[in-house]
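Presented below is the structure to which this report refers.
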Amino acid sequence: SELTPKTAEALIALCDDVFPPDVVSVVTGGPEVGVAFSKLPFDHLFFTGSTAVGRHVMRAAADNLVPVTLELGGKSPAIVHGDFPLDKAVERIAAGKCFNAGQTCIAPDYALVRDDKIDAFVEAFRARVAAFYPTLADNADYTSIVNERHYKRVVGLIDEARQRGARIVEANPAGEQLDPAQRKIAPTLVIGAPDDCAVMQDEIFGPV
């Protein structure tokens with residue numbers, strides 16, 4: 001991603017240490033590089049990213065009849081069976097959701113929990129977040145949202161769900177006022193959001 005250039009630099013350094021350039025090459029850049037790249041006659045193209053960009057990649061690859069594998073906009077449900085130990089389920093879900101503040105392709109996006117276990121799930125989630133991150137604001141281990149646009153997008157998902165009647169529960173162990181300039185969002189549970197809310201339709205890519 002062009003939004004994380006230092007991560008790209010680290011990947012380049014790792015690849016250069018291990019592979020010759022005729023085996024692995026790393027090319028960086030923004031959308032214009034992606035467009036040019038997907039127009040080339042490769043044997044196969046594998047793209048991970050948003051659904052909107054995936055459509056452009058597939059369209060460009062089609063001109064050369066290049067086979068395409070797309071990994072786009074996942075929702076990653078977590079199913080909590082009634083007989084499974086709730087604390088163990090919550091520990092795993094919270095770890096997956098809080099890692100990099102939910103900004104990974106494999107972060108759980110929503111949990112399917114029995115109605116009679118929801119309150120216990122909420123309390124266990126808050127306790128687990130407190131164990132992972134006693135504070136959030138100045139905690140270098142709790143990640144900010146990558147940029148302002150995505151920060152506003154994630155906050156917007158929460159706000160829309162709240163306006164549509166969902167119950168919003170923040171896991172903010174120290175009760176801190178988080179400065180928007182830091183772009184940190186407390187781990188947040190959205191309970192009972194209507195199915196047509198954006199938070200239930202789009203990949204969240206944040207700690208919600």
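For the structure tokens, the naming scheme is as follows: chains receive sequential letters (A, B, ...) according to their order of presentation, residues are indexed from 1 within each chain, and ligands are indexed from 1 in presentation order.
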
* Asked: Among segment 47-201 of chain A, which ones does DSSP place in strand (DSSP E), written as a ChimeraX atom specification?
  -> /A:47-49,68-72,77-79,110-112,167-170,188-191

* To do: Just the alpha helix (DSSP H) stuff from segment 114-167 of chain A, please, per backbone DSSP, written as a count of residues only.
  => 31

* To do: Using only C-alpha atoms, determine which residues lie at most 8 Å from segment 122-126 of chain A, disregarding the query and same-chain residues fewer than 4 positions distant; provide the list as a PyMOL selection string.
  => chain A and resi 86-87+90-91+94+118+130+169-173+189

Output the selection as a PDB file, in the first residue's frame - N, CA, C and O atoms for each residue.
```
ATOM      1  N   LEU A  86     -16.799 -19.226  26.603  1.00  0.00           N
ATOM      2  CA  LEU A  86     -16.948 -17.854  26.129  1.00  0.00           C
ATOM      3  C   LEU A  86     -15.669 -17.050  26.293  1.00  0.00           C
ATOM      4  O   LEU A  86     -15.277 -16.290  25.401  1.00  0.00           O
ATOM      5  N   ASP A  87     -14.981 -17.205  27.423  1.00  0.00           N
ATOM      6  CA  ASP A  87     -13.760 -16.429  27.657  1.00  0.00           C
ATOM      7  C   ASP A  87     -12.693 -16.722  26.614  1.00  0.00           C
ATOM      8  O   ASP A  87     -11.990 -15.819  26.160  1.00  0.00           O
ATOM      9  N   VAL A  90     -13.757 -15.048  23.306  1.00  0.00           N
ATOM     10  CA  VAL A  90     -13.566 -13.601  23.371  1.00  0.00           C
ATOM     11  C   VAL A  90     -12.097 -13.238  23.301  1.00  0.00           C
ATOM     12  O   VAL A  90     -11.714 -12.275  22.619  1.00  0.00           O
ATOM     13  N   GLU A  91     -11.245 -13.998  23.980  1.00  0.00           N
ATOM     14  CA  GLU A  91      -9.810 -13.720  23.938  1.00  0.00           C
ATOM     15  C   GLU A  91      -9.295 -13.769  22.498  1.00  0.00           C
ATOM     16  O   GLU A  91      -8.544 -12.888  22.063  1.00  0.00           O
ATOM     17  N   ALA A  94     -10.946 -10.840  20.362  1.00  0.00           N
ATOM     18  CA  ALA A  94     -10.358  -9.544  20.733  1.00  0.00           C
ATOM     19  C   ALA A  94      -8.931  -9.418  20.206  1.00  0.00           C
ATOM     20  O   ALA A  94      -8.527  -8.358  19.715  1.00  0.00           O
ATOM     21  N   ILE A 118     -24.951 -12.492  24.987  1.00  0.00           N
ATOM     22  CA  ILE A 118     -24.409 -11.225  24.486  1.00  0.00           C
ATOM     23  C   ILE A 118     -23.842 -10.371  25.618  1.00  0.00           C
ATOM     24  O   ILE A 118     -22.733  -9.837  25.513  1.00  0.00           O
ATOM     25  N   ALA A 130      -8.906  -4.656  28.322  1.00  0.00           N
ATOM     26  CA  ALA A 130      -8.190  -4.040  29.454  1.00  0.00           C
ATOM     27  C   ALA A 130      -6.913  -4.810  29.775  1.00  0.00           C
ATOM     28  O   ALA A 130      -5.893  -4.213  30.139  1.00  0.00           O
ATOM     29  N   VAL A 169     -20.818  -0.042  22.394  1.00  0.00           N
ATOM     30  CA  VAL A 169     -20.062  -0.244  23.637  1.00  0.00           C
ATOM     31  C   VAL A 169     -18.577  -0.068  23.337  1.00  0.00           C
ATOM     32  O   VAL A 169     -18.008  -0.819  22.539  1.00  0.00           O
ATOM     33  N   GLU A 170     -17.960   0.924  23.960  1.00  0.00           N
ATOM     34  CA  GLU A 170     -16.519   1.139  23.816  1.00  0.00           C
ATOM     35  C   GLU A 170     -15.770   0.367  24.895  1.00  0.00           C
ATOM     36  O   GLU A 170     -16.201   0.328  26.042  1.00  0.00           O
ATOM     37  N   ALA A 171     -14.659  -0.227  24.522  1.00  0.00           N
ATOM     38  CA  ALA A 171     -13.742  -0.826  25.492  1.00  0.00           C
ATOM     39  C   ALA A 171     -12.581   0.147  25.655  1.00  0.00           C
ATOM     40  O   ALA A 171     -11.620   0.129  24.885  1.00  0.00           O
ATOM     41  N   ASN A 172     -12.706   1.033  26.613  1.00  0.00           N
ATOM     42  CA  ASN A 172     -11.720   2.095  26.865  1.00  0.00           C
ATOM     43  C   ASN A 172     -11.336   2.002  28.333  1.00  0.00           C
ATOM     44  O   ASN A 172     -11.892   2.711  29.180  1.00  0.00           O
ATOM     45  N   PRO A 173     -10.414   1.098  28.665  1.00  0.00           N
ATOM     46  CA  PRO A 173     -10.170   0.725  30.059  1.00  0.00           C
ATOM     47  C   PRO A 173      -9.889   1.892  30.997  1.00  0.00           C
ATOM     48  O   PRO A 173     -10.339   1.895  32.143  1.00  0.00           O
ATOM     49  N   LEU A 189     -17.736  -2.318  20.248  1.00  0.00           N
ATOM     50  CA  LEU A 189     -18.728  -3.318  19.873  1.00  0.00           C
ATOM     51  C   LEU A 189     -19.987  -2.609  19.391  1.00  0.00           C
ATOM     52  O   LEU A 189     -20.462  -1.666  20.033  1.00  0.00           O
TER      53      LEU A 189
END
```

* Contacts of segment 23-33 of chain A within 7 Å, only C-alpha atoms, excl. fewer than 5 positions in-chain, as a list in words -> Glu2, Ile12 and Cys15 of chain A

Restricted to N, CA and C atoms, what would the selected residues look like written as a PDB file, in the first residue's frame?
```pdb
ATOM      1  N   GLU A   2       0.462   2.215  -0.801  1.00  0.00           N
ATOM      2  CA  GLU A   2       1.179   3.493  -0.815  1.00  0.00           C
ATOM      3  C   GLU A   2       0.997   4.265   0.489  1.00  0.00           C
ATOM      4  N   ILE A  12      10.903  -4.789   0.866  1.00  0.00           N
ATOM      5  CA  ILE A  12      11.926  -4.733  -0.184  1.00  0.00           C
ATOM      6  C   ILE A  12      13.258  -5.227   0.361  1.00  0.00           C
ATOM      7  N   CYS A  15      13.153  -9.037   0.876  1.00  0.00           N
ATOM      8  CA  CYS A  15      13.195  -9.769  -0.399  1.00  0.00           C
ATOM      9  C   CYS A  15      14.571  -9.689  -1.045  1.00  0.00           C
TER      10      CYS A  15
END
```

* Asked: Hey, which of A:Arg114, A:Asp138, A:Gly192, A:Pro41 ends up closest to Asp179 of chain A? Count only C-alpha atoms.
  -> A:Asp138

* Show which residues sit within 9 Å of Val199 of chain A, as a VMD selection string. Count only C-alpha atoms, and ignore same-chain residues fewer than 3 positions away. => chain A and resid 109 154 157 to 158 160 to 161 190 193 195 to 196 202 to 204 208

* Quick one: residues within 10 Å of Gly96 of chain A, only C-alpha atoms counted, chain neighbours fewer than 6 positions away excluded, as a list in words? ->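 So the residues in contact are Val90, Gly102, Gln103, Thr104, Ile106, Ala107, Pro108, Asp109 and Pro207 of chain A.
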
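Shortest separation to Ser50 of chain A among A:Pro67, A:Gly73, A:Gly206, A:Gly34 occurs at residue A:Gly73, atoms counted being only C-alpha atoms.
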
* Using only C-alpha atoms, pick whichever of A:Arg162, A:Lys152, A:Arg167, A:Arg92 has the shortest atom-to-atom distance to Ile185 of chain A. =>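 Looking only at the distances to Ile185 of chain A, the closest residue turns out to be A:Lys152.
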
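Straight-line separation from atom CA of Thr51 of chain A to atom CA of Leu70 of chain A: 8.7 Å.
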
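Within 10 Å of Gln177 of chain A, once only C-alpha atoms are used and residues closer than 4 positions along the same chain are dropped, the contacting residues are Leu136, Ala137, Asn172 and Ala186 of chain A.
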
* How many Å separate atom CA of Ile93 of chain A from atom CA of Gln163 of chain A? -> 25.6 Å
